[in-house]
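Novice: Sharing a structure with you now.
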Amino acid sequence: MTLLDLDPGQVAAIYGDRLPKRVRRAYERFRRAPGAFKLDLAVDGGIPWTNEPSRRAVTVHLGGPLAEVARLERDVVAGRMPERPFVLVYQQYLADPSRSVGDVHPVNLYAHVPYGYDGDATEAVLGQLERFAPGVRERIVGMRTTGPAAFAATNPNFAGGDIVTGAKTVPQLLLGPRPALDPYSTGMPGVYVCSAATPPGPGAHGMCGAGAVASALRHLRGK
Ligand SMILES: Cc1cc2nc3c(=O)[nH]c(=O)nc-3n(C[C@H](O)[C@H](O)[C@H](O)COP(=O)(O)OP(=O)(O)OC[C@H]3O[C@@H](n4cnc5c(N)ncnc54)[C@H](O)[C@@H]3O)c2cc1C
């Protein structure tokens with residue numbers, strides 16, 4: 001029994017012709033999501049949000065009104081890097097103060113960037129943050145950046161900086177890497193995909209693995 005915590009592209013590359021032709025083709029055509037460009041910051045005094053509730057929120061999404069966010073995301077999917085991208089900000093220290101050193105707090109944030117983007121999005125991300133927290137740059141006392149290539153280097157599933165293992169289009173979210181009765185099956189007996197490329201996707205941690213294991217157990221029981 002083999003469970004592969006891999007994106008479909010890797011499964012196709014590793015198993016090649018051992019996969020049924022139609023499965024290999026589907027895995028090779030699997031659509032990837034945009035990339036991520038992450039900043040890990042040490043911020044003296046925390047982020048000076050103008051919006052007071054954001055000072056108490058562990059997660060803040062930056063992008064302005066819904067129409068603006070939709071436009072930014074469309075641009076990124078189309079391969080265009082926006083001047084002010086959609087940014088997710090994480091202030092986990094609010095829930096776990098032991099992460100801070102005195103009044104210096106760890107904040108990480110990442111922007112959606114085009115798949116495989118090889119530019120430096122640091123200024124674009126900080127510009128978006130500054131829009132909602134003027135003066136934040138003066139408070140940054142440490143910074144580390146991780147772009148798409150660096151994500152892919154640490155985890156081959158994150159090719160092109162796609163940290164959610166595939167575009168979450170309605171068909172891919174519901175059906176996984178290919179339309180089939182069993183979305184975890186590779187078409188090779190006893191070999192299953194259990195990564196976030198399979199239903200129900202990355203937002204429901206553990207459930208892709210649970211689905212793949214259920215398929216494997218059905219196979220073992222001969223059902
Ligand atoms: C910064 C960041 C923030 C995120 N935020 C969120 C969030 O808020 N909510 C959310 O739902 N998801 C989030 N995600 C995404 C989430 O972490 C992933 O969807 C999830 O980890 C995917 O799980 P997985 O089991 O598919 O595989 P992975 O977690 O990718 O695990 C696969 C493992 O296999 C290893 N591997 C892969 N290929 C090979 C190979 N060829 N050889 C050897 N080893 C290999 C990898 O190194 C890794 O250890 C975030 C990811 C990142 C990086």
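We label chains A, B, ... in the order they appear in the structure tokens, count residues from 1 in each chain, and number ligands from 1 in the order shown.
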Please provide as a list in words all residues within 10 Å of Asp7 of chain A, with the sequence filter that same-chain residues fewer than 5 positions apart are discarded (counting only C-alpha atoms).
Specialist: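 Counting only the stated atoms, we get Ala12, Tyr27, Phe30, Arg32, Pro156, Asn157, Phe158, Ala159, Val164, Thr165, Gly166, Pro177, Val193, Cys194, Ser195, Ala196, Ala197 and Thr198 of chain A.
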Novice: Deliver the residues from the most recent selection as a file, using C-alpha atoms, as an mmCIF file, in the first residue's frame.
Specialist:
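Everything below was put into again.cif:
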data_model
loop_
_atom_site.group_PDB
_atom_site.id
_atom_site.type_symbol
_atom_site.label_atom_id
_atom_site.label_comp_id
_atom_site.auth_asym_id
_atom_site.auth_seq_id
_atom_site.Cartn_x
_atom_site.Cartn_y
_atom_site.Cartn_z
ATOM 1 C CA ALA A 12 3.275 11.799 -12.938
ATOM 2 C CA TYR A 27 -1.955 14.722 -13.540
ATOM 3 C CA PHE A 30 -3.362 19.630 -13.193
ATOM 4 C CA ARG A 32 -1.517 25.101 -10.203
ATOM 5 C CA PRO A 156 8.777 20.204 -4.124
ATOM 6 C CA ASN A 157 4.968 20.165 -3.700
ATOM 7 C CA PHE A 158 5.154 23.963 -3.676
ATOM 8 C CA ALA A 159 6.337 24.272 -7.302
ATOM 9 C CA VAL A 164 -1.924 25.204 -1.543
ATOM 10 C CA THR A 165 -1.064 22.391 -4.001
ATOM 11 C CA GLY A 166 -3.198 23.324 -6.950
ATOM 12 C CA PRO A 177 -6.618 15.836 -9.631
ATOM 13 C CA VAL A 193 -2.644 10.355 -3.518
ATOM 14 C CA CYS A 194 -3.325 11.932 -0.103
ATOM 15 C CA SER A 195 -1.998 15.477 -0.574
ATOM 16 C CA ALA A 196 -3.907 18.778 -0.487
ATOM 17 C CA ALA A 197 -4.468 18.326 -4.237
ATOM 18 C CA THR A 198 -7.239 15.867 -3.309
#
Novice: Collect all residues with atoms no farther than 10 Å from ligand 1, counting only C-alpha atoms and all ligand atoms, and output them as a ChimeraX atom specification.
Specialist: /A:4-7,10-11,13-14,36-40,59,88-90,108-110,146,151-159,161-166,193-198,201-209
Novice: So which one's closest to Gly102 of chain A, A:Glu130, A:Asp44, A:Glu28, A:Glu83? Using only C-alpha atoms, please.
Specialist: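 Of all the options, A:Asp44 lies closest to Gly102 of chain A.
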Novice: Would you mind telling me which residue in A:Pro189, A:Pro183, A:Gly45, A:Gly135 lies nearest to Met1 of chain A when using only C-alpha atoms?
Specialist: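 Smallest distance to Met1 of chain A is found for A:Pro189.
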Novice: Between atom CA of Thr169 of chain A and atom CA of Gly116 of chain A, what is the distance in Å, rounded to a tenth?
Specialist: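 Rounded to one decimal, the two atoms are 18.6 Å apart.
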Novice: In segment 9-197 of chain A, what's alpha helix (DSSP H) per DSSP? Answer as an NGL selection string?
Specialist: :A and (9-15 or 21-29 or 66-77 or 122-132 or 136-139 or 148-154 or 170-175)
Novice: Using only C-alpha atoms, which of the listed residues (A:His105, A:Arg99, A:Arg25, A:Arg144) sits closest to Ile47 of chain A?
Specialist: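 For Ile47 of chain A, the nearest of the given residues is A:His105.
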